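A short write-up of the structure that comes next.
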Amino acid sequence: MKPIHHSINYVEFKVRDFEISKTFYKSVFGWTFTDYSESYAGFNDGTGVEAGGFCLSEDIEKGGPLIVLYSEDLERTRQSVIASGGKISKETFKFPGGRRFQFLDPNGYELAVWSET
């Protein structure tokens with residue numbers, strides 16, 4: 001698949017622990033992984049192409065871009081985030097076009113999930 005001009009092509013997360021990170025994203029979003037080395041794993045988010053990777057690092061800082069994921073069932077995704085060890089950082093709220101919530105993954109990254117309903 002050829003990349004689309006000006007679209008996000010790849011997202012790289014620094015992570016402290018591969019197994020905790022892979023387990024969290026597999027459990028919540030169904031991502032699969034390809035281990036390239038002891039310090040790098042690529043992930044497939046279900047689109048059929050590698051969407052990003054996890055880079056083993058102790059140097060993780062808060063902030064940066066907010067990655068927003070889509071869900072067909074926002075509440076079920078929210079419950080899965082909590083059950084898999086994520087922490088809700090901003091409760092579900094309405095915005096023009098839908099609803100969303102934000103959460104912290106096991107590494108402290110903040111992401112958001114949205115749905116039309």
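Each chain in the structure tokens gets a letter, A, B and so on, in the order shown; residues start at 1 in every chain, and ligands are counted from 1 in the order they appear.
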
Each residue of stretch 17-37 of chain A lying at most 9 Å from stretch 83-92 of chain A should get a row with its shortest atom-to-atom pair and the distance in Å to one decimal, counting only C-alpha atoms; could you produce that, ordered by chain and increasing number, as JSON lines?
```
{"residue": "A:Thr23", "atom": "CA", "partner": "A:Ser84", "partner_atom": "CA", "distance": 8.1}
{"residue": "A:Phe24", "atom": "CA", "partner": "A:Ser84", "partner_atom": "CA", "distance": 5.7}
{"residue": "A:Tyr25", "atom": "CA", "partner": "A:Ser84", "partner_atom": "CA", "distance": 8.6}
{"residue": "A:Ser27", "atom": "CA", "partner": "A:Ser84", "partner_atom": "CA", "distance": 6.7}
{"residue": "A:Val28", "atom": "CA", "partner": "A:Ser84", "partner_atom": "CA", "distance": 6.9}
```

(request) For stretch 98-104 of chain A, work out the shell of residues within 12 Å, counting only C-alpha atoms and skipping chain neighbours fewer than 4 positions away, then give it as JSON, numbers by chain. (result) {"A": [21, 24, 25, 28, 62, 63, 66, 67, 68, 69, 70, 71, 72, 73, 74, 75, 76, 77, 78, 79, 80, 81, 82, 84, 85, 86, 87, 88, 89, 90, 91, 92, 93, 94, 108, 109, 110, 111, 112, 113, 114, 115, 116, 117]}

(message) Could you go through chain A and tell me which residues DSSP, when run on the backbone, assigns to helix (DSSP H, G or I), listing them as a list of chain:residue names?
(response)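 Here is the list: A:Phe18, A:Glu19, A:Ile20, A:Ser21, A:Lys22, A:Thr23, A:Phe24, A:Tyr25, A:Lys26, A:Ser27, A:Val28, A:Phe29, A:Leu74, A:Glu75, A:Arg76, A:Thr77, A:Arg78, A:Gln79, A:Ser80, A:Val81, A:Ile82, A:Ala83.
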
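What separates atom CA of A:Asn107 from atom CA of A:Ile4 is a distance of 29.4 Å.
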
(request) Work out how far apart atom CA of A:Trp31 and atom CA of A:Pro96 are and give it in Å to one decimal. (result)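 Atom CA of A:Pro96 lies at a distance of 28.4 Å from atom CA of A:Trp31.
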
(message) Between atom CA of A:Asn44 and atom CA of A:Asn9, what is the distance in Å, rounded to a tenth?
(response) 12.0 Å

(message) Report as a PyMOL selection string all protein, DNA and RNA residues lying within 6 Å of A:Ser57, evaluated on only C-alpha atoms, omitting residues in the same chain fewer than 5 positions from it.
(response) chain A and resi 14-16

(request) If you run DSSP over the backbone, which residues in stretch 10-101 of chain A end up strand (DSSP E or B)? Put them as a ChimeraX atom specification. (result) /A:11-15,32-37,40-44,50-56,67-70,87-95,98-101

Based on the selection just made, write C-alpha atoms of those residues as a tab-separated table (two decimals), in the first residue's frame.
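Printed below is selection_34.tsv as written:
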```tsv
chain	number	residue	atom	x	y	z
A	11	VAL	CA	4.09	6.29	14.96
A	12	GLU	CA	6.96	5.31	17.20
A	13	PHE	CA	6.51	4.91	20.96
A	14	LYS	CA	9.36	4.78	23.42
A	15	VAL	CA	8.49	2.06	25.95
A	32	THR	CA	-0.13	-7.55	16.50
A	33	PHE	CA	3.65	-7.25	16.69
A	34	THR	CA	6.84	-8.11	14.81
A	35	ASP	CA	9.95	-8.24	16.98
A	36	TYR	CA	12.94	-6.90	15.04
A	37	SER	CA	15.45	-6.92	17.88
A	40	TYR	CA	12.51	-2.70	18.70
A	41	ALA	CA	9.13	-4.16	17.70
A	42	GLY	CA	6.82	-3.01	14.92
A	43	PHE	CA	3.04	-3.07	15.30
A	44	ASN	CA	0.12	-3.63	12.94
A	50	GLU	CA	2.92	-1.75	9.90
A	51	ALA	CA	1.63	1.45	11.50
A	52	GLY	CA	4.40	2.06	14.00
A	53	GLY	CA	6.84	0.62	16.44
A	54	PHE	CA	7.94	0.34	20.04
A	55	CYS	CA	11.50	1.40	20.83
A	56	LEU	CA	12.88	0.23	24.19
A	67	ILE	CA	-2.78	10.29	19.05
A	68	VAL	CA	-6.52	9.78	18.60
A	69	LEU	CA	-7.86	6.30	17.83
A	70	TYR	CA	-11.35	5.44	16.57
A	87	LYS	CA	-5.73	5.00	33.51
A	88	ILE	CA	-8.43	7.39	32.34
A	89	SER	CA	-6.93	10.90	32.22
A	90	LYS	CA	-10.01	12.69	30.83
A	91	GLU	CA	-13.48	11.21	31.22
A	92	THR	CA	-15.74	10.80	28.19
A	93	PHE	CA	-17.00	14.10	26.83
A	94	LYS	CA	-19.02	15.26	23.86
A	95	PHE	CA	-17.62	17.31	20.99
A	98	GLY	CA	-19.07	12.52	18.64
A	99	ARG	CA	-17.61	11.66	22.02
A	100	ARG	CA	-14.15	10.79	23.27
A	101	PHE	CA	-12.05	10.02	26.33
```
